[in-house]
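Below is one structure; the comments refer to it alone.
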Amino acid sequence: MATQEATRPPHRLDDVPGWFPVLDQLLFDWFLTRQEAAGAHGDLLEVGVYMGKSAIFIGRHQRPGEKYTVCDLFEGDAPDDANRAESAKSYGALTRGVFEENYRSFHDELPRVLQGPSSLVPAEVEPRSCRFVHIDASHLYEHVHGDIGAARDLLLPEGIVVLDDFRSEHTPGVSVATWEAVLNRGLRPVCLSTQKLYGTWGDPEPVQEELLAMARERSDCLLSVQEAAGHRIVRLKSRGMPAPEFPRSRHAEAAVRTRSAASGTTPAPAPARRGGQVRRIAVDLLPPVVTRAIRGARAARG
């Protein structure tokens with residue numbers, strides 16, 4: 001896990017402490033970019049943010065007119081003894097101030113922040129409003145069960161939910177709640193990474209076919225496909241995969257300007273920010289039919 005020095009704010013995404021493997025960065029980018037390229041519009045939600053690493057990443061995909069909500073206990077009181085013990089053991093250093101400082105290092109505006117248990121979310125986020133939901137909060141079965149039910153109600157028909165720690169040995173409650181949702185609650189797996197399950201309550205086949213085409217073209221992505229209980233299970237694993245490009249923080253930009261001023265040179269301009277985020281379309285990650293559509297739209301505008 002990356003460490004963040006107390007005397008130096010984050011310059012790169014990797015400077016933010018947290019667990020967000022390169023493969024999941026690529027998959028978040030791929031799913032979100034695919035939605036945007038297809039013209040899908042919807043809100044974004046992350047439940048459980050820790051220091052903000054994945055929240056910062058998701059925030060780059062917030063588009064005008066979309067809402068982005070994050071929820072975490074931070075330093076607040078947990079709703080029960082089991083959750084309180086889990087928070088004290090694993091997240092004692094987490095505060096809302098640290099999260100917000102990290103997030104503002106990369107974005108001009110904060111997302112909407114709900115401080116409290118994830119049970120707050122259903123009353124605060126509109127039903128059928130979200131295109132992408134990342135659940136990485138409590139590891140206790142009853143809480144994860146509730147978070148999955150909330151995600152089902154909040155997602156648009158073809159929206160994507162991502163469930164973290166569904167296979168870790170120290171999080172059996174997440175595993176039970178996840179596979180229970182697959183077997184009994186209509187959740188359909190799209191793919192599995194080393195630690196996350198990506199799923200939908202819509203039809204997984206179209207997105208799976210595009211995902212398989214993308215993965216088969218990459219030499220740094222190991223792929224396997226299995227059938228289980230009537231579901232096609234696509235498993236992906238990184239083989240030396242590079243992380244997707246991510247803009248430097250404002251602190252890094254300031255440091256470059258300071259060094260350039262001291263040396264009398266002019267720094268290269270940083271990518272323009274828009275609405276608190278740097279926008280780009282990762283056409284190299286998309287299937288050819290979508291890539292051609294994007295290029296055609298750009299040519300028409302040009």
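Letters A, B, ... mark the chains of the structure tokens in the order given; residue numbers begin at 1 per chain; ligand numbers begin at 1, in order shown.
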Run DSSP on the backbone and grab whatever in stretch 96-149 of chain A lands in strand (DSSP E or B); send it over as a PyMOL selection string. chain A and resi 112-115+130-135
Which residues, written as a list in words, have at least one atom at most 12 Å from A:Glu124, with only C-alpha atoms counted and residues fewer than 2 positions away on the same chain left out?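 Residues near the query, excluding close chain neighbours: Leu45, Lys67, Tyr68, Thr69, Val70, Cys71, Arg112, Val113, Leu114, Gln115, Gly116, Ser118, Ser119, Leu120, Val121, Pro122, Glu126, Pro127, Ser129, Ala150 and Leu154 of chain A.
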Near-A:Pro157 list (9 Å; only C-alpha atoms; drop same-chain fewer than 6 positions) as an mmCIF file with all heavy atoms, in the first residue's frame:
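See selection_28.cif below for the written result:
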```
data_model
loop_
_atom_site.group_PDB
_atom_site.id
_atom_site.type_symbol
_atom_site.label_atom_id
_atom_site.label_comp_id
_atom_site.auth_asym_id
_atom_site.auth_seq_id
_atom_site.Cartn_x
_atom_site.Cartn_y
_atom_site.Cartn_z
ATOM 1 N N ARG A 128 -33.026 4.502 -9.212
ATOM 2 C CA ARG A 128 -32.818 4.402 -10.658
ATOM 3 C C ARG A 128 -32.113 5.640 -11.218
ATOM 4 O O ARG A 128 -32.464 6.134 -12.289
ATOM 5 C CB ARG A 128 -34.156 4.203 -11.374
ATOM 6 C CG ARG A 128 -34.881 2.921 -11.013
ATOM 7 C CD ARG A 128 -34.131 1.700 -11.550
ATOM 8 N NE ARG A 128 -34.830 0.464 -11.264
ATOM 9 C CZ ARG A 128 -34.595 -0.299 -10.196
ATOM 10 N NH1 ARG A 128 -33.678 0.072 -9.320
ATOM 11 N NH2 ARG A 128 -35.257 -1.420 -10.019
ATOM 12 N N ARG A 131 -25.447 5.166 -12.787
ATOM 13 C CA ARG A 131 -24.900 4.291 -13.833
ATOM 14 C C ARG A 131 -23.737 3.455 -13.314
ATOM 15 O O ARG A 131 -23.376 2.443 -13.899
ATOM 16 C CB ARG A 131 -24.459 5.103 -15.044
ATOM 17 C CG ARG A 131 -23.345 6.122 -14.816
ATOM 18 C CD ARG A 131 -23.073 6.898 -16.105
ATOM 19 N NE ARG A 131 -22.158 8.015 -15.954
ATOM 20 C CZ ARG A 131 -20.867 8.012 -16.312
ATOM 21 N NH1 ARG A 131 -20.328 6.914 -16.834
ATOM 22 N NH2 ARG A 131 -20.115 9.078 -16.161
ATOM 23 N N THR A 200 -24.247 -6.588 -12.907
ATOM 24 C CA THR A 200 -25.363 -5.766 -13.356
ATOM 25 C C THR A 200 -26.657 -6.521 -13.090
ATOM 26 O O THR A 200 -26.661 -7.762 -13.018
ATOM 27 C CB THR A 200 -25.236 -5.433 -14.856
ATOM 28 O OG1 THR A 200 -26.318 -4.587 -15.246
ATOM 29 C CG2 THR A 200 -25.249 -6.698 -15.716
ATOM 30 N N TRP A 201 -27.748 -5.785 -12.955
ATOM 31 C CA TRP A 201 -29.065 -6.410 -12.922
ATOM 32 C C TRP A 201 -29.706 -6.364 -14.306
ATOM 33 O O TRP A 201 -30.847 -6.768 -14.471
ATOM 34 C CB TRP A 201 -29.951 -5.737 -11.871
ATOM 35 C CG TRP A 201 -29.703 -6.284 -10.495
ATOM 36 C CD1 TRP A 201 -30.288 -7.380 -9.925
ATOM 37 C CD2 TRP A 201 -28.790 -5.776 -9.519
ATOM 38 N NE1 TRP A 201 -29.801 -7.589 -8.656
ATOM 39 C CE2 TRP A 201 -28.878 -6.610 -8.370
ATOM 40 C CE3 TRP A 201 -27.904 -4.708 -9.483
ATOM 41 C CZ2 TRP A 201 -28.121 -6.394 -7.226
ATOM 42 C CZ3 TRP A 201 -27.144 -4.491 -8.346
ATOM 43 C CH2 TRP A 201 -27.255 -5.326 -7.224
ATOM 44 N N GLY A 202 -28.965 -5.887 -15.284
ATOM 45 C CA GLY A 202 -29.414 -5.903 -16.667
ATOM 46 C C GLY A 202 -28.852 -7.117 -17.393
ATOM 47 O O GLY A 202 -28.490 -8.129 -16.782
ATOM 48 N N ASP A 203 -28.767 -7.019 -18.697
ATOM 49 C CA ASP A 203 -28.242 -8.102 -19.528
ATOM 50 C C ASP A 203 -26.715 -7.973 -19.595
ATOM 51 O O ASP A 203 -26.202 -6.995 -20.143
ATOM 52 C CB ASP A 203 -28.838 -8.012 -20.930
ATOM 53 C CG ASP A 203 -28.350 -9.115 -21.859
ATOM 54 O OD1 ASP A 203 -27.585 -9.989 -21.399
ATOM 55 O OD2 ASP A 203 -28.728 -9.091 -23.045
#
```
Straight-line distance linking atom CA of A:Val16 with atom CA of A:His251, stated in Å to one decimal: 12.8 Å
Which of these, A:Val182, A:Val144, A:Ala213, A:Val190, has the shortest distance to A:Val234 once you count only C-alpha atoms? A:Val190
Write out as an MDAnalysis selection string each polymer residue whose atoms come within 9 Å of A:Arg167, counting only C-alpha atoms; drop sequence neighbours fewer than 2 positions from it. chainID A and resid 164:165 169:172 174:175 194:197
